[in-house]
Amino acid sequence: MQAKVAVIMGSKSDWPTMEGAAEIMDLLQVPYEVEVVSAHRTPDRLMSFSAEAVGRGFQVIIAGAGGAAHLPGMVASKTRLPVLGVPVQSRALNGMDSLLSIAQMPKGVAVGTLAIGEAGAFNAGLLACQILANNDPALAERLEAFRQQQTDTVLANPDPRAQA
Ligand SMILES: Nc1c(C(=O)O)ncn1[C@@H]1O[C@H](COP(=O)(O)O)[C@@H](O)[C@H]1O
């Protein structure tokens with residue numbers, strides 16, 4: 001099936017964080033591709049990836065990076081596709097560096113910044129599904145079901161001391 005979402009990241013070492021985006025897209029049956037692309041280490045690849053993204057049929061790009069996290073902003077500078085940025089938790093500064101690098105974009109080039117780490121990656125995947133669901137009624141139904149199940153699970157287990 002044609003991949004609608006590209007999940008890119010600055011390094012292989014980001015995958016344990018970024019696989020959360022894949023997890024929710026697998027659950028909601030949204031096809032995606034995964035690739036390491038780095039503004040710093042593979043700048044030419046970054047440029048060709050960004051320039052070709054629309055032509056490859058992607059509708060959303062999820063970009064995860066840590067530290068001096070220039071990847072999401074640089075991709076956004078070269079494509080009109082929505083870019084969801086995931087700040088990967090860095091060892092030195094716990095991801096505050098990643099967060100600020102991704103969030104503080106100049107006016108006129110947008111990156112939607114998610115939370116630091118695994119929750120951010122999962123929510124980037126979820127948000128990509130929500131964007132695509134606007135034009136995909138079957139996906140919209142699966143999303144509603146996911147949300148309902150999440151709500152039901154919390155309501156069915158109100159005692160914080162009990163095992164889920
Ligand atoms: N922030 C970036 C970019 C970029 O923004 O282009 N490329 C790699 N990196 C980040 O460097 C960190 C350490 O990478 P290594 O573990 O490979 O040394 C990773 O979190 C990666 O996202």
# chains A, B, ... in the order shown; residues from 1 in each chain; ligands from 1
$ residues_near_ligand --ligand "ligand 1" --cutoff "6 Å" --atoms "only C-alpha atoms and all ligand atoms" --output "number ranges by chain"
A: 9-11, 13-14, 38-40, 65-71, 88
$ residues_around --residues "Gly85 (chain A)" --least-positions-apart "3" --cutoff "12 Å" --atoms "only C-alpha atoms" --output "PyMOL selection string"
chain A and resi 6-10+18+21+60-66+69-76+82+88+98-105+110-117+120-125+127-128
$ select_by_dssp --residues "chain A" --states "strand (DSSP E or B)" --output "ChimeraX atom specification"
/A:5-9,32-36,60-66,83-88,112-113
$ residues_around --residues "Ala3 (chain A)" --least-positions-apart "2" --cutoff "12 Å" --atoms "only C-alpha atoms" --output "PyMOL selection string"
chain A and resi 1+5-7+25-26+29-34+53-61+132
$ write_last_selection --atoms "N, CA and C atoms" --output "PDB file, in the first residue's frame"
ATOM      1  N   MET A   1       0.837  -1.200   0.000  1.00  0.00           N
ATOM      2  CA  MET A   1       0.000   0.000   0.000  1.00  0.00           C
ATOM      3  C   MET A   1       0.880   1.261   0.000  1.00  0.00           C
ATOM      4  N   VAL A   5       2.674   8.434   5.251  1.00  0.00           N
ATOM      5  CA  VAL A   5       3.453   9.143   6.269  1.00  0.00           C
ATOM      6  C   VAL A   5       4.918   8.710   6.146  1.00  0.00           C
ATOM      7  N   ALA A   6       5.817   9.671   6.216  1.00  0.00           N
ATOM      8  CA  ALA A   6       7.244   9.361   6.296  1.00  0.00           C
ATOM      9  C   ALA A   6       7.696   9.623   7.727  1.00  0.00           C
ATOM     10  N   VAL A   7       8.326   8.632   8.321  1.00  0.00           N
ATOM     11  CA  VAL A   7       8.908   8.812   9.656  1.00  0.00           C
ATOM     12  C   VAL A   7      10.419   8.846   9.471  1.00  0.00           C
ATOM     13  N   MET A  25       0.483   3.854  14.265  1.00  0.00           N
ATOM     14  CA  MET A  25       0.090   3.776  12.850  1.00  0.00           C
ATOM     15  C   MET A  25      -0.154   2.326  12.426  1.00  0.00           C
ATOM     16  N   ASP A  26       0.591   1.386  13.011  1.00  0.00           N
ATOM     17  CA  ASP A  26       0.300  -0.026  12.763  1.00  0.00           C
ATOM     18  C   ASP A  26      -1.097  -0.359  13.273  1.00  0.00           C
ATOM     19  N   GLN A  29      -3.679   1.062  11.104  1.00  0.00           N
ATOM     20  CA  GLN A  29      -3.526   0.617   9.714  1.00  0.00           C
ATOM     21  C   GLN A  29      -3.242   1.764   8.745  1.00  0.00           C
ATOM     22  N   VAL A  30      -2.319   2.612   9.144  1.00  0.00           N
ATOM     23  CA  VAL A  30      -1.875   3.696   8.261  1.00  0.00           C
ATOM     24  C   VAL A  30      -0.493   3.336   7.726  1.00  0.00           C
ATOM     25  N   PRO A  31      -0.347   3.240   6.394  1.00  0.00           N
ATOM     26  CA  PRO A  31       0.953   2.857   5.833  1.00  0.00           C
ATOM     27  C   PRO A  31       1.991   3.989   5.935  1.00  0.00           C
ATOM     28  N   TYR A  32       3.220   3.601   6.286  1.00  0.00           N
ATOM     29  CA  TYR A  32       4.277   4.604   6.479  1.00  0.00           C
ATOM     30  C   TYR A  32       5.623   4.030   6.054  1.00  0.00           C
ATOM     31  N   GLU A  33       6.574   4.907   5.877  1.00  0.00           N
ATOM     32  CA  GLU A  33       7.953   4.483   5.625  1.00  0.00           C
ATOM     33  C   GLU A  33       8.850   5.054   6.710  1.00  0.00           C
ATOM     34  N   VAL A  34       9.952   4.385   6.989  1.00  0.00           N
ATOM     35  CA  VAL A  34      10.875   4.806   8.041  1.00  0.00           C
ATOM     36  C   VAL A  34      12.275   4.947   7.443  1.00  0.00           C
ATOM     37  N   ALA A  53       9.392  14.560  -1.430  1.00  0.00           N
ATOM     38  CA  ALA A  53       8.378  14.003  -0.516  1.00  0.00           C
ATOM     39  C   ALA A  53       6.956  14.077  -1.074  1.00  0.00           C
ATOM     40  N   VAL A  54       6.581  15.201  -1.665  1.00  0.00           N
ATOM     41  CA  VAL A  54       5.229  15.328  -2.234  1.00  0.00           C
ATOM     42  C   VAL A  54       5.047  14.319  -3.363  1.00  0.00           C
ATOM     43  N   GLY A  55       6.026  14.243  -4.256  1.00  0.00           N
ATOM     44  CA  GLY A  55       5.960  13.330  -5.394  1.00  0.00           C
ATOM     45  C   GLY A  55       5.882  11.867  -4.979  1.00  0.00           C
ATOM     46  N   ARG A  56       6.422  11.537  -3.823  1.00  0.00           N
ATOM     47  CA  ARG A  56       6.369  10.146  -3.336  1.00  0.00           C
ATOM     48  C   ARG A  56       5.019   9.814  -2.704  1.00  0.00           C
ATOM     49  N   GLY A  57       4.142  10.806  -2.609  1.00  0.00           N
ATOM     50  CA  GLY A  57       2.789  10.541  -2.116  1.00  0.00           C
ATOM     51  C   GLY A  57       2.612  10.698  -0.625  1.00  0.00           C
ATOM     52  N   PHE A  58       3.648  11.171   0.066  1.00  0.00           N
ATOM     53  CA  PHE A  58       3.483  11.402   1.506  1.00  0.00           C
ATOM     54  C   PHE A  58       2.536  12.581   1.735  1.00  0.00           C
ATOM     55  N   GLN A  59       1.787  12.481   2.825  1.00  0.00           N
ATOM     56  CA  GLN A  59       0.903  13.599   3.192  1.00  0.00           C
ATOM     57  C   GLN A  59       1.336  14.261   4.492  1.00  0.00           C
ATOM     58  N   VAL A  60       2.089  13.529   5.290  1.00  0.00           N
ATOM     59  CA  VAL A  60       2.592  14.053   6.564  1.00  0.00           C
ATOM     60  C   VAL A  60       4.012  13.517   6.750  1.00  0.00           C
ATOM     61  N   ILE A  61       4.879  14.348   7.320  1.00  0.00           N
ATOM     62  CA  ILE A  61       6.230  13.898   7.666  1.00  0.00           C
ATOM     63  C   ILE A  61       6.396  14.012   9.179  1.00  0.00           C
ATOM     64  N   LEU A 132      -4.917  12.536   8.504  1.00  0.00           N
ATOM     65  CA  LEU A 132      -5.333  11.721   7.361  1.00  0.00           C
ATOM     66  C   LEU A 132      -6.806  11.329   7.460  1.00  0.00           C
TER      67      LEU A 132
END
$ atom_distance --atom1 "CA of Asn94 (chain A)" --atom2 "CA of Pro16 (chain A)"
15.4 Å
$ closest_residue --among "A:Val83, A:Val37, A:Leu28, A:Val109" --to "Ala140 (chain A)" --atoms "only C-alpha atoms"
A:Leu28
$ select_by_dssp --residues "region 7-83 of chain A" --states "alpha helix (DSSP H)" --output "number ranges by chain"
A: 15-27, 43-52, 71-78
$ write_last_selection --atoms "N, CA and C atoms" --output "compact mmCIF listing (two decimals), in the first residue's frame"
# COMPACT_ATOMS: atom_id res chain seq x y z
N TRP A 15 15.58 5.40 17.05
CA TRP A 15 14.49 4.46 16.76
C TRP A 15 13.72 3.99 18.01
N PRO A 16 14.42 3.66 19.12
CA PRO A 16 13.65 3.22 20.30
C PRO A 16 12.61 4.25 20.74
N THR A 17 12.87 5.52 20.48
CA THR A 17 11.87 6.56 20.76
C THR A 17 10.83 6.61 19.64
N MET A 18 11.30 6.63 18.41
CA MET A 18 10.42 6.88 17.28
C MET A 18 9.52 5.71 16.94
N GLU A 19 9.83 4.52 17.46
CA GLU A 19 8.96 3.39 17.12
C GLU A 19 7.56 3.54 17.70
N GLY A 20 7.40 4.47 18.66
CA GLY A 20 6.04 4.75 19.16
C GLY A 20 5.13 5.29 18.07
N ALA A 21 5.70 6.08 17.16
CA ALA A 21 4.90 6.60 16.04
C ALA A 21 4.45 5.44 15.15
N ALA A 22 5.36 4.51 14.94
CA ALA A 22 5.03 3.34 14.11
C ALA A 22 3.96 2.48 14.78
N GLU A 23 4.07 2.36 16.09
CA GLU A 23 3.14 1.50 16.85
C GLU A 23 1.69 1.92 16.64
N ILE A 24 1.41 3.22 16.78
CA ILE A 24 0.01 3.66 16.65
C ILE A 24 -0.43 3.61 15.19
N MET A 25 0.48 3.85 14.27
CA MET A 25 0.09 3.78 12.85
C MET A 25 -0.15 2.33 12.43
N ASP A 26 0.59 1.39 13.01
CA ASP A 26 0.30 -0.03 12.76
C ASP A 26 -1.10 -0.36 13.27
N LEU A 27 -1.38 0.10 14.49
CA LEU A 27 -2.68 -0.19 15.11
C LEU A 27 -3.82 0.36 14.27
N PRO A 43 23.42 15.90 4.58
CA PRO A 43 22.68 17.09 4.13
C PRO A 43 22.11 16.97 2.71
N ASP A 44 22.82 16.32 1.81
CA ASP A 44 22.30 16.19 0.44
C ASP A 44 21.07 15.28 0.42
N ARG A 45 21.14 14.22 1.23
CA ARG A 45 19.99 13.30 1.34
C ARG A 45 18.77 14.04 1.91
N LEU A 46 19.02 14.88 2.89
CA LEU A 46 17.94 15.68 3.47
C LEU A 46 17.26 16.52 2.40
N MET A 47 18.06 17.17 1.56
CA MET A 47 17.50 18.04 0.52
C MET A 47 16.73 17.23 -0.51
N SER A 48 17.27 16.09 -0.94
CA SER A 48 16.56 15.31 -1.96
C SER A 48 15.30 14.68 -1.37
N PHE A 49 15.39 14.20 -0.14
CA PHE A 49 14.20 13.63 0.51
C PHE A 49 13.08 14.67 0.57
N SER A 50 13.42 15.88 1.01
CA SER A 50 12.41 16.92 1.20
C SER A 50 11.81 17.35 -0.14
N ALA A 51 12.66 17.47 -1.13
CA ALA A 51 12.18 17.92 -2.44
C ALA A 51 11.28 16.87 -3.10
N GLU A 52 11.53 15.58 -2.79
CA GLU A 52 10.78 14.50 -3.44
C GLU A 52 9.56 14.05 -2.64
N LEU A 71 16.83 18.83 12.04
CA LEU A 71 16.17 18.05 10.99
C LEU A 71 14.73 18.49 10.70
N PRO A 72 13.84 18.57 11.70
CA PRO A 72 12.44 18.91 11.37
C PRO A 72 12.32 20.28 10.68
N GLY A 73 13.02 21.26 11.18
CA GLY A 73 12.93 22.60 10.59
C GLY A 73 13.50 22.66 9.19
N MET A 74 14.60 21.95 8.95
CA MET A 74 15.20 21.97 7.62
C MET A 74 14.30 21.26 6.62
N VAL A 75 13.68 20.16 7.03
CA VAL A 75 12.73 19.49 6.13
C VAL A 75 11.57 20.42 5.82
N ALA A 76 11.05 21.07 6.86
CA ALA A 76 9.92 21.97 6.68
C ALA A 76 10.27 23.13 5.74
N SER A 77 11.54 23.49 5.71
CA SER A 77 11.95 24.61 4.84
C SER A 77 11.91 24.22 3.37
N LYS A 78 11.87 22.90 3.09
CA LYS A 78 11.96 22.45 1.70
C LYS A 78 10.70 21.73 1.20
$ atom_distance --atom1 "CA of Ala119 (chain A)" --atom2 "CA of Thr42 (chain A)"
26.9 Å
$ atom_distance --atom1 "CA of Cys129 (chain A)" --atom2 "CA of Lys4 (chain A)"
9.6 Å
